[in-house]
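Visitor: Have a look at this one before I ask anything.
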Amino acid sequence: MKNNQGKIFQIGMLTGVILFVLSGLQGWLGSGLYASSDPALWKDMTGNWWVYNLVFNLVVGLILTLVYSIFYKALPDSGAIRGLQYGFWIWIIGIVPGLMMTLLTMAVPEELVVVWLISGLFNYLLAGLVIGAMYQPKE
């Protein structure tokens with residue numbers, strides 16, 4: 001990570017923007033599933049919620065890129081393939097357990113949880129691919 005902060009920031013911002021766009025697209029495509037579930041589950045999505053979503057995704061992009069740079073040498077392969085593996089592990093560790101708990105404890109439609117599971121896999125594989133393709137540590 002030595003003297004790589006600028007590159008980490010740039011890649012993190014790009015990754016965050018990609019995640020933001022994907023979350024908006026997936027929310028729009030899956031809007032029928034949200035509408036068919038109990039309205040008490042969801043907060044009102046009016047006002048500046050999209051700004052909070054953008055900030056959230058930018059922070060996630062930065063964290064993902066920073067963690068990738070820290071564990072860079074521990075990941076097998078190289079380049080984009082290394083990034084894909086990283087994205088897969090982030091999905092397994094970060095997304096799957098939370099969605100399993102959601103399925104077990106909340107009245108969210110099972111179809112919606114499956115959509116979140118699949119879209120999470122796609123999002124984090126793509127994020128890993130971008131990070132892996134762009135990140136090169138300074139020696």
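Identifiers for the structure tokens are assigned positionally: chains receive A, B, ... in sequence, residues are indexed from 1 per chain, and ligands are indexed from 1 in the order shown.
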With only C-alpha atoms as the counted atoms, please give the residues lying no more than 9 Å from range 74-90 of chain A, apart from itself and same-chain residues fewer than 5 positions off, as a PyMOL selection string.
Guide: chain A and resi 64+68+95+121-136
Visitor: Kindly export the residues of the current selection with C-alpha atoms, as a PDB file, in the first residue's frame.
Guide:
```
ATOM      1  CA  LEU A  64     -13.297  -2.765  -0.619  1.00  0.00           C
ATOM      2  CA  TYR A  68      -7.926  -5.513  -1.359  1.00  0.00           C
ATOM      3  CA  ILE A  95     -23.603 -10.945   1.902  1.00  0.00           C
ATOM      4  CA  LEU A 121     -22.924 -11.927  -6.287  1.00  0.00           C
ATOM      5  CA  PHE A 122     -22.972 -10.023  -9.569  1.00  0.00           C
ATOM      6  CA  ASN A 123     -22.177  -6.684  -7.894  1.00  0.00           C
ATOM      7  CA  TYR A 124     -19.256  -7.960  -5.866  1.00  0.00           C
ATOM      8  CA  LEU A 125     -17.802 -10.045  -8.689  1.00  0.00           C
ATOM      9  CA  LEU A 126     -17.909  -6.930 -10.881  1.00  0.00           C
ATOM     10  CA  ALA A 127     -16.442  -4.765  -8.118  1.00  0.00           C
ATOM     11  CA  GLY A 128     -13.666  -7.313  -7.589  1.00  0.00           C
ATOM     12  CA  LEU A 129     -13.038  -7.483 -11.318  1.00  0.00           C
ATOM     13  CA  VAL A 130     -12.664  -3.694 -11.549  1.00  0.00           C
ATOM     14  CA  ILE A 131     -10.447  -3.499  -8.487  1.00  0.00           C
ATOM     15  CA  GLY A 132      -8.314  -6.453  -9.585  1.00  0.00           C
ATOM     16  CA  ALA A 133      -7.887  -5.129 -13.119  1.00  0.00           C
ATOM     17  CA  MET A 134      -6.925  -1.625 -11.975  1.00  0.00           C
ATOM     18  CA  TYR A 135      -4.956  -2.102  -8.776  1.00  0.00           C
ATOM     19  CA  GLN A 136      -1.227  -2.620  -9.091  1.00  0.00           C
TER      20      GLN A 136
END
```
Visitor: Taking the DSSP secondary structure from the backbone, can you list the residues of chain A that are alpha helix (DSSP H), as a PyMOL selection string?
Guide: chain A and resi 5-29+31-35+49-70+79-90+96-105+110-134
Visitor: Would you mind listing what lies within 8 Å of Thr65 in chain A as an NGL selection string, with only C-alpha atoms counted and same-chain residues fewer than 6 positions away left out?
Guide: :A and (8-9 or 11-12 or 131)
Visitor: Restricting it to all heavy atoms, dump the selection as a PDB file, in the first residue's frame.
Guide:
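Now in out.pdb:
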```pdb
ATOM      1  N   ILE A   8      -5.674   4.001  -4.738  1.00  0.00           N
ATOM      2  CA  ILE A   8      -6.722   3.351  -3.942  1.00  0.00           C
ATOM      3  C   ILE A   8      -7.967   4.231  -3.921  1.00  0.00           C
ATOM      4  O   ILE A   8      -9.083   3.742  -4.095  1.00  0.00           O
ATOM      5  CB  ILE A   8      -6.223   3.054  -2.510  1.00  0.00           C
ATOM      6  CG1 ILE A   8      -5.169   1.948  -2.556  1.00  0.00           C
ATOM      7  CG2 ILE A   8      -7.374   2.677  -1.579  1.00  0.00           C
ATOM      8  CD1 ILE A   8      -4.418   1.764  -1.259  1.00  0.00           C
ATOM      9  N   PHE A   9      -7.784   5.534  -3.741  1.00  0.00           N
ATOM     10  CA  PHE A   9      -8.920   6.457  -3.719  1.00  0.00           C
ATOM     11  C   PHE A   9      -9.656   6.464  -5.057  1.00  0.00           C
ATOM     12  O   PHE A   9     -10.891   6.382  -5.095  1.00  0.00           O
ATOM     13  CB  PHE A   9      -8.449   7.871  -3.357  1.00  0.00           C
ATOM     14  CG  PHE A   9      -9.563   8.866  -3.265  1.00  0.00           C
ATOM     15  CD1 PHE A   9     -10.367   8.922  -2.142  1.00  0.00           C
ATOM     16  CD2 PHE A   9      -9.811   9.738  -4.319  1.00  0.00           C
ATOM     17  CE1 PHE A   9     -11.404   9.828  -2.057  1.00  0.00           C
ATOM     18  CE2 PHE A   9     -10.847  10.651  -4.240  1.00  0.00           C
ATOM     19  CZ  PHE A   9     -11.645  10.706  -3.116  1.00  0.00           C
ATOM     20  N   ILE A  11      -9.681   4.174  -7.528  1.00  0.00           N
ATOM     21  CA  ILE A  11     -10.343   2.891  -7.776  1.00  0.00           C
ATOM     22  C   ILE A  11     -11.551   2.731  -6.861  1.00  0.00           C
ATOM     23  O   ILE A  11     -12.610   2.257  -7.277  1.00  0.00           O
ATOM     24  CB  ILE A  11      -9.354   1.714  -7.611  1.00  0.00           C
ATOM     25  CG1 ILE A  11      -8.227   1.817  -8.641  1.00  0.00           C
ATOM     26  CG2 ILE A  11     -10.072   0.375  -7.741  1.00  0.00           C
ATOM     27  CD1 ILE A  11      -7.055   0.878  -8.374  1.00  0.00           C
ATOM     28  N   GLY A  12     -11.405   3.143  -5.609  1.00  0.00           N
ATOM     29  CA  GLY A  12     -12.507   3.059  -4.652  1.00  0.00           C
ATOM     30  C   GLY A  12     -13.695   3.907  -5.074  1.00  0.00           C
ATOM     31  O   GLY A  12     -14.849   3.473  -4.980  1.00  0.00           O
ATOM     32  N   ILE A 131     -11.562  -3.747  -9.404  1.00  0.00           N
ATOM     33  CA  ILE A 131     -10.447  -3.499  -8.487  1.00  0.00           C
ATOM     34  C   ILE A 131      -9.226  -4.311  -8.903  1.00  0.00           C
ATOM     35  O   ILE A 131      -8.113  -3.783  -8.982  1.00  0.00           O
ATOM     36  CB  ILE A 131     -10.850  -3.825  -7.032  1.00  0.00           C
ATOM     37  CG1 ILE A 131     -11.935  -2.853  -6.545  1.00  0.00           C
ATOM     38  CG2 ILE A 131      -9.637  -3.770  -6.102  1.00  0.00           C
ATOM     39  CD1 ILE A 131     -12.603  -3.267  -5.246  1.00  0.00           C
TER      40      ILE A 131
END
```
Visitor: When you look at range 30-38 of chain A with a cut-off of 12 Å (counting only C-alpha atoms), what residues show up, excluding the ones that are within fewer than 3 positions of it in the same chain? I need them as a list in words.
Guide: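 These residues fall inside the cut-off: Leu22, Ser23, Gly24, Leu25, Gln26, Gly27, Leu41, Trp42, Lys43, Met45, Met106, Ala107, Val108, Pro109, Glu110, Glu111, Leu112, Val113, Val114, Val115, Trp116 and Ser119 of chain A.
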Visitor: For a test of reading the model, state the distance in Å between CA of Gly94 in chain A and CA of Asn48 in chain A, rounded to one decimal.
Guide: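 So the two atoms, CA of Gly94 in chain A and CA of Asn48 in chain A, lie 26.4 Å apart.
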Visitor: My list of candidates is A:Val21, A:Ala40, A:Leu29, A:Leu117. Which is closest to Asn57 in chain A when distances are computed with only C-alpha atoms?
Guide: A:Val21
Visitor: Given only C-alpha atoms as the basis, pick out the residue of A:Pro137, A:Gly47, A:Gly16, A:Pro39 nearest to Tyr72 in chain A.
Guide: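 Smallest distance to Tyr72 in chain A is found for A:Pro137.
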Visitor: Kindly indicate which residue among A:Ile92, A:Ile118, A:Leu14, A:Met100 lies nearest to Leu62 in chain A, using only C-alpha atoms for the distances.
Guide: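 Nearest to Leu62 in chain A: A:Leu14.
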